[in-house]
Amino acid sequence: MSQSSTPSILSYQHQADIIQLVNVYRTDRAHGERVMQFAQVIFELTKDMIVDKRQPHKSQEELLMRLTIAALLHDIGHYVNDVAHHKHSRYLIETARQTAEWDELLRADVARLVFTHRKKAKRSWLISHFKNRRELFQLSAILRVADGLDRQHANGVEIVQGSVQQENYTLELTGLKEIHARRIEEKKADAWKFAFGHSLALKTNRIP
């Protein structure tokens with residue numbers, strides 16, 4: 001990740017800290033940036049459904065910052081162990097020198113998000129981590145889907161649009177194989193209904 005490729009939603013210091021973390025823990029930079037891009041697009045499409053009741057006037061910027069950082073850093077725990085990397089990602093964010101000067105709530109929120117980006121979603125499990133912070137519950141659901149969209153760690157997938165259709169929220173996509181879309185719905189979109197109140201459907205251009 002180069003300095004110029006980091007998003008403007010982040011301060012210069014946050015950008016520098018993230019670049020150091022990615023370098024130190026040898027993270028797949030391209031994957032993190034694609035997940036960030038997917039997450040930001042989904043956030044933009046769904047932001048009217050995401051509200052932080054505690055900070056109604058600044059919630060959009062604050063929440064997008066958290067989602068952006070979590071997307072870029074969600075896989076740093078692979079440096080320690082692949083199987084439990086979500087746990088190690090959380091620990092590194094909580095304890096790394098680079099995050100020591102971050103706002104305490106920001107650091108804690110990002111750590112929660114990276115911890116919940118994998119494993120099967122269970123409502124009780126997610127509630128135990130996010131308490132009454134429904135907005136973080138929603139960010140986690142977005143991050144999980146964004147990560148799934150780059151499951152193959154390859155370019156080519158694009159989000160065309162999103163809309164509520166009957167009982168589903170539908171994301172229309174290009175460049176995604178049908179088999180991968182169904183796998184994402186099963187494995188990565190399982191938290192969506194808990195967070196947003198309806199299921200997520202992925203509509204593809206049916207690449208064989």
# chains A, B, ... in the order shown; residues from 1 in each chain; ligands from 1

$ select_by_dssp --residues "range 8-178 of chain A" --states "helix (DSSP H, G or I)" --output "ChimeraX atom specification"
/A:12-24,29-49,59-73,76-79,85-95,97-99,104-115,123-130,134-149,178

$ atom_distance --atom1 "CA of Lys122 in chain A" --atom2 "CA of Thr95 in chain A"
26.6 Å

$ residues_around --residues "range 67-79 of chain A" --least-positions-apart "2" --cutoff "8 Å" --atoms "only C-alpha atoms" --output "MDAnalysis selection string"
chainID A and resid 18 21:22 25:29 32:33 35:36 39:40 63:65 81:90 92 110:111 113:115 117 139 143 147

$ write_last_selection --atoms "N, CA and C atoms" --output "mmCIF file, in the first residue's frame"
data_model
loop_
_atom_site.group_PDB
_atom_site.id
_atom_site.type_symbol
_atom_site.label_atom_id
_atom_site.label_comp_id
_atom_site.auth_asym_id
_atom_site.auth_seq_id
_atom_site.Cartn_x
_atom_site.Cartn_y
_atom_site.Cartn_z
ATOM 1 N N ILE A 18 -1.386 2.699 9.549
ATOM 2 C CA ILE A 18 -1.885 1.532 8.820
ATOM 3 C C ILE A 18 -0.823 0.987 7.874
ATOM 4 N N LEU A 21 1.623 -0.986 9.888
ATOM 5 C CA LEU A 21 1.086 -2.274 10.319
ATOM 6 C C LEU A 21 1.056 -3.287 9.181
ATOM 7 N N VAL A 22 0.630 -2.838 8.009
ATOM 8 C CA VAL A 22 0.580 -3.715 6.843
ATOM 9 C C VAL A 22 1.974 -4.208 6.480
ATOM 10 N N TYR A 25 3.452 -6.632 9.430
ATOM 11 C CA TYR A 25 2.813 -7.942 9.515
ATOM 12 C C TYR A 25 2.587 -8.578 8.146
ATOM 13 N N ARG A 26 3.235 -8.031 7.119
ATOM 14 C CA ARG A 26 3.301 -8.647 5.795
ATOM 15 C C ARG A 26 1.927 -9.054 5.277
ATOM 16 N N THR A 27 1.007 -8.121 5.358
ATOM 17 C CA THR A 27 -0.370 -8.369 4.955
ATOM 18 C C THR A 27 -0.517 -8.291 3.440
ATOM 19 N N ASP A 28 -1.478 -9.040 2.894
ATOM 20 C CA ASP A 28 -1.796 -8.967 1.474
ATOM 21 C C ASP A 28 -2.414 -7.598 1.196
ATOM 22 N N ARG A 29 -1.606 -6.670 0.725
ATOM 23 C CA ARG A 29 -2.038 -5.281 0.561
ATOM 24 C C ARG A 29 -3.167 -5.144 -0.455
ATOM 25 N N GLY A 32 -6.489 -6.306 0.922
ATOM 26 C CA GLY A 32 -7.039 -5.338 1.867
ATOM 27 C C GLY A 32 -7.643 -4.131 1.180
ATOM 28 N N GLU A 33 -6.989 -3.648 0.142
ATOM 29 C CA GLU A 33 -7.497 -2.472 -0.564
ATOM 30 C C GLU A 33 -8.766 -2.797 -1.348
ATOM 31 N N VAL A 35 -10.966 -5.178 -0.522
ATOM 32 C CA VAL A 35 -12.005 -5.322 0.495
ATOM 33 C C VAL A 35 -12.467 -3.944 0.962
ATOM 34 N N MET A 36 -11.523 -3.032 1.158
ATOM 35 C CA MET A 36 -11.876 -1.663 1.533
ATOM 36 C C MET A 36 -12.790 -1.029 0.491
ATOM 37 N N ALA A 39 -16.227 -2.585 0.630
ATOM 38 C CA ALA A 39 -16.904 -2.158 1.853
ATOM 39 C C ALA A 39 -17.399 -0.722 1.745
ATOM 40 N N GLN A 40 -16.591 0.145 1.171
ATOM 41 C CA GLN A 40 -17.004 1.541 1.039
ATOM 42 C C GLN A 40 -18.177 1.693 0.081
ATOM 43 N N LEU A 63 -18.253 6.245 11.275
ATOM 44 C CA LEU A 63 -18.480 4.839 10.975
ATOM 45 C C LEU A 63 -17.703 4.402 9.740
ATOM 46 N N LEU A 64 -17.665 5.253 8.722
ATOM 47 C CA LEU A 64 -16.909 4.912 7.522
ATOM 48 C C LEU A 64 -15.421 4.790 7.836
ATOM 49 N N MET A 65 -14.925 5.622 8.735
ATOM 50 C CA MET A 65 -13.527 5.527 9.154
ATOM 51 C C MET A 65 -13.251 4.165 9.772
ATOM 52 N N ASN A 81 -0.923 -16.608 12.811
ATOM 53 C CA ASN A 81 -1.522 -17.920 12.587
ATOM 54 C C ASN A 81 -2.667 -17.779 11.601
ATOM 55 N N ASP A 82 -2.719 -18.667 10.609
ATOM 56 C CA ASP A 82 -3.766 -18.572 9.596
ATOM 57 C C ASP A 82 -5.133 -18.965 10.137
ATOM 58 N N VAL A 83 -5.195 -20.069 10.876
ATOM 59 C CA VAL A 83 -6.483 -20.616 11.294
ATOM 60 C C VAL A 83 -7.233 -19.648 12.210
ATOM 61 N N ALA A 84 -6.558 -19.066 13.169
ATOM 62 C CA ALA A 84 -7.198 -18.156 14.127
ATOM 63 C C ALA A 84 -6.806 -16.710 13.859
ATOM 64 N N HIS A 85 -6.633 -16.359 12.604
ATOM 65 C CA HIS A 85 -6.077 -15.040 12.309
ATOM 66 C C HIS A 85 -6.986 -13.905 12.763
ATOM 67 N N HIS A 86 -8.301 -14.139 12.822
ATOM 68 C CA HIS A 86 -9.211 -13.078 13.275
ATOM 69 C C HIS A 86 -8.934 -12.709 14.734
ATOM 70 N N LYS A 87 -8.598 -13.707 15.546
ATOM 71 C CA LYS A 87 -8.268 -13.442 16.947
ATOM 72 C C LYS A 87 -6.961 -12.662 17.060
ATOM 73 N N HIS A 88 -5.995 -13.040 16.256
ATOM 74 C CA HIS A 88 -4.702 -12.366 16.296
ATOM 75 C C HIS A 88 -4.787 -10.957 15.718
ATOM 76 N N SER A 89 -5.637 -10.780 14.705
ATOM 77 C CA SER A 89 -5.844 -9.426 14.164
ATOM 78 C C SER A 89 -6.382 -8.510 15.248
ATOM 79 N N ARG A 90 -7.357 -9.005 16.001
ATOM 80 C CA ARG A 90 -7.907 -8.200 17.103
ATOM 81 C C ARG A 90 -6.829 -7.857 18.119
ATOM 82 N N LEU A 92 -3.551 -7.750 17.817
ATOM 83 C CA LEU A 92 -2.529 -6.840 17.300
ATOM 84 C C LEU A 92 -3.040 -5.407 17.253
ATOM 85 N N VAL A 110 -12.530 -0.993 15.929
ATOM 86 C CA VAL A 110 -11.839 -1.659 14.816
ATOM 87 C C VAL A 110 -11.467 -3.080 15.222
ATOM 88 N N ALA A 111 -11.004 -3.267 16.442
ATOM 89 C CA ALA A 111 -10.646 -4.603 16.919
ATOM 90 C C ALA A 111 -11.856 -5.529 16.905
ATOM 91 N N LEU A 113 -14.473 -5.288 14.951
ATOM 92 C CA LEU A 113 -14.848 -5.548 13.558
ATOM 93 C C LEU A 113 -13.950 -6.609 12.925
ATOM 94 N N VAL A 114 -12.643 -6.502 13.122
ATOM 95 C CA VAL A 114 -11.759 -7.493 12.501
ATOM 96 C C VAL A 114 -11.958 -8.867 13.132
ATOM 97 N N PHE A 115 -12.296 -8.909 14.409
ATOM 98 C CA PHE A 115 -12.522 -10.185 15.076
ATOM 99 C C PHE A 115 -13.744 -10.900 14.521
ATOM 100 N N HIS A 117 -15.009 -10.723 11.436
ATOM 101 C CA HIS A 117 -15.111 -10.767 9.974
ATOM 102 C C HIS A 117 -15.154 -12.195 9.440
ATOM 103 N N LEU A 139 -21.796 -2.698 10.331
ATOM 104 C CA LEU A 139 -20.480 -2.598 9.702
ATOM 105 C C LEU A 139 -19.825 -3.968 9.585
ATOM 106 N N LEU A 143 -18.474 -5.755 6.220
ATOM 107 C CA LEU A 143 -17.093 -6.213 6.091
ATOM 108 C C LEU A 143 -17.032 -7.685 5.699
ATOM 109 N N ASP A 147 -15.269 -8.917 2.257
ATOM 110 C CA ASP A 147 -14.192 -9.903 2.276
ATOM 111 C C ASP A 147 -14.532 -11.079 1.368
#

$ atom_distance --atom1 "CA of Gln138 in chain A" --atom2 "CA of Ala195 in chain A"
5.0 Å

$ closest_residue --among "A:Leu126, A:Ala191, A:Leu149, A:Ala141" --to "Glu178 in chain A" --atoms "only C-alpha atoms"
A:Leu149

$ closest_residue --among "A:Leu176, A:Ala201, A:Ala189, A:Leu171" --to "Val41 in chain A" --atoms "only C-alpha atoms"
A:Leu171

$ select_by_dssp --residues "range 45-195 of chain A" --states "strand (DSSP E or B)" --output "NGL selection string"
:A and (158-165 or 168-174 or 177)

$ closest_residue --among "A:Gln60, A:Thr46, A:Gln161, A:Thr204" --to "Ile179 in chain A" --atoms "only C-alpha atoms"
A:Thr204

$ closest_residue --among "A:Ile42, A:Leu105, A:Val160, A:Leu202" --to "His180 in chain A" --atoms "only C-alpha atoms"
A:Leu202
